Amino acid sequence: EFLKSTAAVAKCMAICSEFVQSASHNIASQVLDTNYLEAAVSKISTNSFTICDGEGASLGIGLYPSAAVVNHSCSPNLVQTFQYGSEGMPPSLLLTVCRSIANSGEELCIAYTDTTAPADIRIDALRKGYKFACTCHRCEDLASNDVAFGIRCPREGCKGRGRKQVEVGANLSTIICDSCGHADFASCIKRRDDSFAIVQRFQSEKEPKPTLDRMKAAYSAMKEYCTMDSWF
């Protein structure tokens, strides 16, 4: 997604550069400078918002300078939505309070990533997409980061699910069943990931597309190995 957005921004800036070049050589030389372009593309990609329709489908990106200064939190108190006006007019970005605000000194924040994801996935996404390490209480409190990953326990008759246990003070984690203590989830995770990859390929623009039979098999495997109330 980052490469797609930067490519789109770079194309727009190239068009703008051609226009500016015809108007002013001095301005054009600055705009066409490689370092200037790289900095501009990075700033736009980092500070832009993905514009979505009413069903959450991405329509493009937009720049909203006032909203771009709002910081991230994995427990945000604001949510961003878009309001569409007259045809041909750009949508307005709305920031709406989504939970009770504890006090007048609490900072207003939005979420830059999926807040339902486990802490390590959120941290990785923020580091790759926004170049910072989140230090909010949800990411810092590793001892309580016992997050369900959506994996059913493979033991027959057990209705538990795999949970990621993080060892405090170490970069080690183990997935164990929250009901029976079973700890061998390697094959389940591989089947889940393989099946999800098939679904992603079907939804992408890559060719060749998986057959419908493979799609059915992938969804059956995901239903078998995954709980239905978790994205992960």
# chains A, B, ... in the order shown; residues from 1 in each chain; ligands from 1
$ residues_around --residues "segment 60-76 of chain A" --least-positions-apart "6" --cutoff "7 Å" --atoms "only C-alpha atoms" --output "PDB file with N, CA, C and O atoms, in the first residue's frame"
ATOM      1  N   ASN A  47       1.504  11.743   6.088  1.00  0.00           N
ATOM      2  CA  ASN A  47       0.490  12.610   6.678  1.00  0.00           C
ATOM      3  C   ASN A  47      -0.863  12.586   5.980  1.00  0.00           C
ATOM      4  O   ASN A  47      -1.813  13.201   6.461  1.00  0.00           O
ATOM      5  N   SER A  48      -0.970  11.871   4.872  1.00  0.00           N
ATOM      6  CA  SER A  48      -2.248  11.819   4.172  1.00  0.00           C
ATOM      7  C   SER A  48      -3.200  10.835   4.835  1.00  0.00           C
ATOM      8  O   SER A  48      -2.788   9.955   5.597  1.00  0.00           O
ATOM      9  N   PHE A  49      -4.477  10.976   4.541  1.00  0.00           N
ATOM     10  CA  PHE A  49      -5.523  10.082   5.048  1.00  0.00           C
ATOM     11  C   PHE A  49      -6.085   9.274   3.883  1.00  0.00           C
ATOM     12  O   PHE A  49      -6.262   9.800   2.781  1.00  0.00           O
ATOM     13  N   THR A  50      -6.364   8.013   4.139  1.00  0.00           N
ATOM     14  CA  THR A  50      -7.017   7.184   3.138  1.00  0.00           C
ATOM     15  C   THR A  50      -8.502   7.524   3.134  1.00  0.00           C
ATOM     16  O   THR A  50      -9.190   7.352   4.141  1.00  0.00           O
ATOM     17  N   ILE A  51      -8.990   8.027   2.024  1.00  0.00           N
ATOM     18  CA  ILE A  51     -10.399   8.398   1.901  1.00  0.00           C
ATOM     19  C   ILE A  51     -11.206   7.140   1.598  1.00  0.00           C
ATOM     20  O   ILE A  51     -10.884   6.395   0.674  1.00  0.00           O
ATOM     21  N   CYS A 109      -6.662  11.853  20.254  1.00  0.00           N
ATOM     22  CA  CYS A 109      -5.836  11.025  19.365  1.00  0.00           C
ATOM     23  C   CYS A 109      -6.707  10.179  18.441  1.00  0.00           C
ATOM     24  O   CYS A 109      -7.860   9.866  18.764  1.00  0.00           O
ATOM     25  N   ILE A 110      -6.128   9.801  17.321  1.00  0.00           N
ATOM     26  CA  ILE A 110      -6.755   8.859  16.403  1.00  0.00           C
ATOM     27  C   ILE A 110      -5.858   7.632  16.313  1.00  0.00           C
ATOM     28  O   ILE A 110      -4.756   7.615  16.866  1.00  0.00           O
ATOM     29  N   ALA A 111      -6.316   6.605  15.641  1.00  0.00           N
ATOM     30  CA  ALA A 111      -5.512   5.400  15.449  1.00  0.00           C
ATOM     31  C   ALA A 111      -4.952   5.380  14.036  1.00  0.00           C
ATOM     32  O   ALA A 111      -5.696   5.565  13.072  1.00  0.00           O
ATOM     33  N   TYR A 112      -3.640   5.183  13.910  1.00  0.00           N
ATOM     34  CA  TYR A 112      -3.007   5.095  12.598  1.00  0.00           C
ATOM     35  C   TYR A 112      -3.047   3.675  12.049  1.00  0.00           C
ATOM     36  O   TYR A 112      -2.719   3.452  10.884  1.00  0.00           O
ATOM     37  N   THR A 115      -6.471  -1.156  15.672  1.00  0.00           N
ATOM     38  CA  THR A 115      -6.311  -1.277  17.117  1.00  0.00           C
ATOM     39  C   THR A 115      -6.737  -2.637  17.650  1.00  0.00           C
ATOM     40  O   THR A 115      -6.507  -2.940  18.825  1.00  0.00           O
ATOM     41  N   CYS A 136       2.361   3.755  23.973  1.00  0.00           N
ATOM     42  CA  CYS A 136       1.117   3.875  24.731  1.00  0.00           C
ATOM     43  C   CYS A 136       1.017   2.720  25.722  1.00  0.00           C
ATOM     44  O   CYS A 136       1.764   1.737  25.647  1.00  0.00           O
ATOM     45  N   ARG A 138      -1.045   0.331  26.098  1.00  0.00           N
ATOM     46  CA  ARG A 138      -1.376  -0.994  25.547  1.00  0.00           C
ATOM     47  C   ARG A 138      -0.151  -1.671  24.959  1.00  0.00           C
ATOM     48  O   ARG A 138      -0.025  -2.896  25.007  1.00  0.00           O
TER      49      ARG A 138
END
$ select_by_dssp --residues "segment 26-219 of chain A" --states "alpha helix (DSSP H)" --output "PyMOL selection string"
chain A and resi 26-31+34-47+65-68+119-130+137-140+186-203+212-219
$ closest_residue --among "A:Pro154, A:Gly88, A:Gly54, A:Pro208" --to "Phe185 of chain A" --atoms "only C-alpha atoms"
A:Pro154
$ residues_around --residues "Asp193 of chain A" --least-positions-apart "6" --cutoff "10 Å" --atoms "only C-alpha atoms" --output "NGL selection string"
:A and (187 or 199 or 218 or 222)
$ closest_residue --among "A:Gly105, A:Ser45, A:Lys190, A:Cys139" --to "Asp124 of chain A" --atoms "only C-alpha atoms"
A:Cys139
$ residues_around --residues "Cys158 of chain A" --least-positions-apart "2" --cutoff "10 Å" --atoms "only C-alpha atoms" --output "list in words"
Arg152, Cys153, Pro154, Arg155, Glu156, Gly160, Arg161, Cys177, Ser179, Cys180 and His182 of chain A
$ decode --residues "segment 97-213 of chain A" --atoms "C-alpha atoms" --output "PDB file, in the first residue's frame"
ATOM      1  CA  VAL A  97     -15.331  11.451  19.749  1.00  0.00           C
ATOM      2  CA  CYS A  98     -15.742   7.674  20.026  1.00  0.00           C
ATOM      3  CA  ARG A  99     -15.462   7.123  23.791  1.00  0.00           C
ATOM      4  CA  SER A 100     -15.689   8.976  27.071  1.00  0.00           C
ATOM      5  CA  ILE A 101     -12.819  11.401  27.645  1.00  0.00           C
ATOM      6  CA  ALA A 102     -11.445  11.063  31.160  1.00  0.00           C
ATOM      7  CA  ASN A 103     -10.577  14.715  31.763  1.00  0.00           C
ATOM      8  CA  SER A 104     -10.002  18.025  30.028  1.00  0.00           C
ATOM      9  CA  GLY A 105      -6.256  17.353  29.904  1.00  0.00           C
ATOM     10  CA  GLU A 106      -6.520  14.115  27.920  1.00  0.00           C
ATOM     11  CA  GLU A 107      -4.943  14.387  24.473  1.00  0.00           C
ATOM     12  CA  LEU A 108      -7.231  13.860  21.490  1.00  0.00           C
ATOM     13  CA  CYS A 109      -5.836  11.025  19.365  1.00  0.00           C
ATOM     14  CA  ILE A 110      -6.755   8.859  16.403  1.00  0.00           C
ATOM     15  CA  ALA A 111      -5.512   5.400  15.449  1.00  0.00           C
ATOM     16  CA  TYR A 112      -3.007   5.095  12.598  1.00  0.00           C
ATOM     17  CA  THR A 113      -3.390   1.308  12.470  1.00  0.00           C
ATOM     18  CA  ASP A 114      -5.804  -1.488  13.363  1.00  0.00           C
ATOM     19  CA  THR A 115      -6.311  -1.277  17.117  1.00  0.00           C
ATOM     20  CA  THR A 116      -7.740  -4.811  17.263  1.00  0.00           C
ATOM     21  CA  ALA A 117      -4.374  -6.265  16.219  1.00  0.00           C
ATOM     22  CA  PRO A 118      -1.967  -7.756  18.776  1.00  0.00           C
ATOM     23  CA  ALA A 119       0.646  -5.332  20.128  1.00  0.00           C
ATOM     24  CA  ASP A 120       3.569  -6.751  18.136  1.00  0.00           C
ATOM     25  CA  ILE A 121       1.624  -6.396  14.865  1.00  0.00           C
ATOM     26  CA  ARG A 122       0.590  -2.821  15.712  1.00  0.00           C
ATOM     27  CA  ILE A 123       4.134  -1.876  16.698  1.00  0.00           C
ATOM     28  CA  ASP A 124       5.540  -3.353  13.491  1.00  0.00           C
ATOM     29  CA  ALA A 125       2.946  -1.559  11.326  1.00  0.00           C
ATOM     30  CA  LEU A 126       3.631   1.795  12.984  1.00  0.00           C
ATOM     31  CA  ARG A 127       7.392   1.349  12.708  1.00  0.00           C
ATOM     32  CA  LYS A 128       7.193   0.495   8.993  1.00  0.00           C
ATOM     33  CA  GLY A 129       4.503   2.985   8.017  1.00  0.00           C
ATOM     34  CA  TYR A 130       5.200   5.940  10.312  1.00  0.00           C
ATOM     35  CA  LYS A 131       8.773   5.379  11.546  1.00  0.00           C
ATOM     36  CA  PHE A 132       8.098   5.533  15.268  1.00  0.00           C
ATOM     37  CA  ALA A 133       7.753   3.100  18.145  1.00  0.00           C
ATOM     38  CA  CYS A 134       4.451   3.344  19.985  1.00  0.00           C
ATOM     39  CA  THR A 135       4.800   3.802  23.761  1.00  0.00           C
ATOM     40  CA  CYS A 136       1.117   3.875  24.731  1.00  0.00           C
ATOM     41  CA  HIS A 137       0.000   1.815  27.731  1.00  0.00           C
ATOM     42  CA  ARG A 138      -1.376  -0.994  25.547  1.00  0.00           C
ATOM     43  CA  CYS A 139       1.974  -1.478  23.787  1.00  0.00           C
ATOM     44  CA  GLU A 140       4.123  -0.962  26.873  1.00  0.00           C
ATOM     45  CA  ASP A 141       2.266  -3.399  29.142  1.00  0.00           C
ATOM     46  CA  LEU A 142       3.682  -6.590  27.613  1.00  0.00           C
ATOM     47  CA  ALA A 143       2.837  -8.627  30.697  1.00  0.00           C
ATOM     48  CA  SER A 144      -0.872  -8.274  29.929  1.00  0.00           C
ATOM     49  CA  ASN A 145      -0.485  -8.673  26.172  1.00  0.00           C
ATOM     50  CA  ASP A 146      -2.168 -12.075  26.222  1.00  0.00           C
ATOM     51  CA  VAL A 147      -3.983 -11.687  22.924  1.00  0.00           C
ATOM     52  CA  ALA A 148      -6.136 -14.240  21.151  1.00  0.00           C
ATOM     53  CA  PHE A 149      -4.822 -14.824  17.646  1.00  0.00           C
ATOM     54  CA  GLY A 150      -7.963 -16.486  16.359  1.00  0.00           C
ATOM     55  CA  ILE A 151      -6.487 -20.007  16.318  1.00  0.00           C
ATOM     56  CA  ARG A 152      -8.627 -22.870  17.557  1.00  0.00           C
ATOM     57  CA  CYS A 153      -7.018 -25.499  19.759  1.00  0.00           C
ATOM     58  CA  PRO A 154      -6.303 -28.569  17.571  1.00  0.00           C
ATOM     59  CA  ARG A 155      -7.004 -31.014  20.380  1.00  0.00           C
ATOM     60  CA  GLU A 156     -10.199 -32.961  19.756  1.00  0.00           C
ATOM     61  CA  GLY A 157     -12.999 -31.857  22.046  1.00  0.00           C
ATOM     62  CA  CYS A 158     -11.214 -28.747  23.304  1.00  0.00           C
ATOM     63  CA  LYS A 159     -12.990 -25.445  22.666  1.00  0.00           C
ATOM     64  CA  GLY A 160     -10.072 -23.261  23.699  1.00  0.00           C
ATOM     65  CA  ARG A 161      -8.041 -20.931  21.497  1.00  0.00           C
ATOM     66  CA  GLY A 162      -4.381 -20.144  21.116  1.00  0.00           C
ATOM     67  CA  ARG A 163      -3.119 -17.168  23.049  1.00  0.00           C
ATOM     68  CA  LYS A 164       0.243 -15.506  22.705  1.00  0.00           C
ATOM     69  CA  GLN A 165       2.148 -15.497  25.980  1.00  0.00           C
ATOM     70  CA  VAL A 166       4.919 -12.877  26.022  1.00  0.00           C
ATOM     71  CA  GLU A 167       7.845 -13.444  28.346  1.00  0.00           C
ATOM     72  CA  VAL A 168       8.585 -10.204  30.175  1.00  0.00           C
ATOM     73  CA  GLY A 169      12.133  -8.972  29.582  1.00  0.00           C
ATOM     74  CA  ALA A 170      12.695 -11.166  26.545  1.00  0.00           C
ATOM     75  CA  ASN A 171      11.810 -11.253  22.874  1.00  0.00           C
ATOM     76  CA  LEU A 172      10.236 -14.681  23.269  1.00  0.00           C
ATOM     77  CA  SER A 173       6.632 -15.731  22.943  1.00  0.00           C
ATOM     78  CA  THR A 174       4.721 -18.985  22.931  1.00  0.00           C
ATOM     79  CA  ILE A 175       1.203 -19.727  21.733  1.00  0.00           C
ATOM     80  CA  ILE A 176      -0.688 -21.983  24.100  1.00  0.00           C
ATOM     81  CA  CYS A 177      -4.317 -23.016  24.482  1.00  0.00           C
ATOM     82  CA  ASP A 178      -6.153 -20.925  27.059  1.00  0.00           C
ATOM     83  CA  SER A 179      -8.180 -23.972  28.093  1.00  0.00           C
ATOM     84  CA  CYS A 180      -6.042 -27.127  28.066  1.00  0.00           C
ATOM     85  CA  GLY A 181      -2.509 -25.700  27.819  1.00  0.00           C
ATOM     86  CA  HIS A 182      -1.718 -27.350  24.460  1.00  0.00           C
ATOM     87  CA  ALA A 183       1.300 -25.604  22.866  1.00  0.00           C
ATOM     88  CA  ASP A 184       1.742 -27.177  19.405  1.00  0.00           C
ATOM     89  CA  PHE A 185       0.063 -24.716  17.042  1.00  0.00           C
ATOM     90  CA  ALA A 186       2.661 -24.691  14.228  1.00  0.00           C
ATOM     91  CA  SER A 187       0.607 -26.700  11.721  1.00  0.00           C
ATOM     92  CA  CYS A 188      -2.563 -24.717  12.504  1.00  0.00           C
ATOM     93  CA  ILE A 189      -0.837 -21.400  11.937  1.00  0.00           C
ATOM     94  CA  LYS A 190       0.710 -22.608   8.667  1.00  0.00           C
ATOM     95  CA  ARG A 191      -2.676 -23.775   7.351  1.00  0.00           C
ATOM     96  CA  ARG A 192      -4.272 -20.507   8.393  1.00  0.00           C
ATOM     97  CA  ASP A 193      -1.540 -18.398   6.770  1.00  0.00           C
ATOM     98  CA  ASP A 194      -1.543 -20.478   3.560  1.00  0.00           C
ATOM     99  CA  SER A 195      -5.319 -20.207   3.300  1.00  0.00           C
ATOM    100  CA  PHE A 196      -5.300 -16.479   3.982  1.00  0.00           C
ATOM    101  CA  ALA A 197      -2.626 -16.005   1.297  1.00  0.00           C
ATOM    102  CA  ILE A 198      -4.933 -17.682  -1.233  1.00  0.00           C
ATOM    103  CA  VAL A 199      -7.786 -15.351  -0.294  1.00  0.00           C
ATOM    104  CA  GLN A 200      -5.506 -12.304  -0.527  1.00  0.00           C
ATOM    105  CA  ARG A 201      -4.277 -13.368  -3.952  1.00  0.00           C
ATOM    106  CA  PHE A 202      -7.861 -13.714  -5.163  1.00  0.00           C
ATOM    107  CA  GLN A 203      -8.635 -10.190  -3.940  1.00  0.00           C
ATOM    108  CA  SER A 204      -5.483  -8.669  -5.439  1.00  0.00           C
ATOM    109  CA  GLU A 205      -4.678  -7.792  -9.031  1.00  0.00           C
ATOM    110  CA  LYS A 206      -2.129 -10.587  -9.343  1.00  0.00           C
ATOM    111  CA  GLU A 207      -2.526 -13.314 -11.934  1.00  0.00           C
ATOM    112  CA  PRO A 208      -3.291 -16.156 -12.184  1.00  0.00           C
ATOM    113  CA  LYS A 209      -6.254 -16.067  -9.848  1.00  0.00           C
ATOM    114  CA  PRO A 210      -6.967 -19.034  -7.571  1.00  0.00           C
ATOM    115  CA  THR A 211      -9.807 -21.250  -8.789  1.00  0.00           C
ATOM    116  CA  LEU A 212     -13.142 -21.235  -7.000  1.00  0.00           C
ATOM    117  CA  ASP A 213     -12.397 -24.729  -5.704  1.00  0.00           C
TER     118      ASP A 213
END
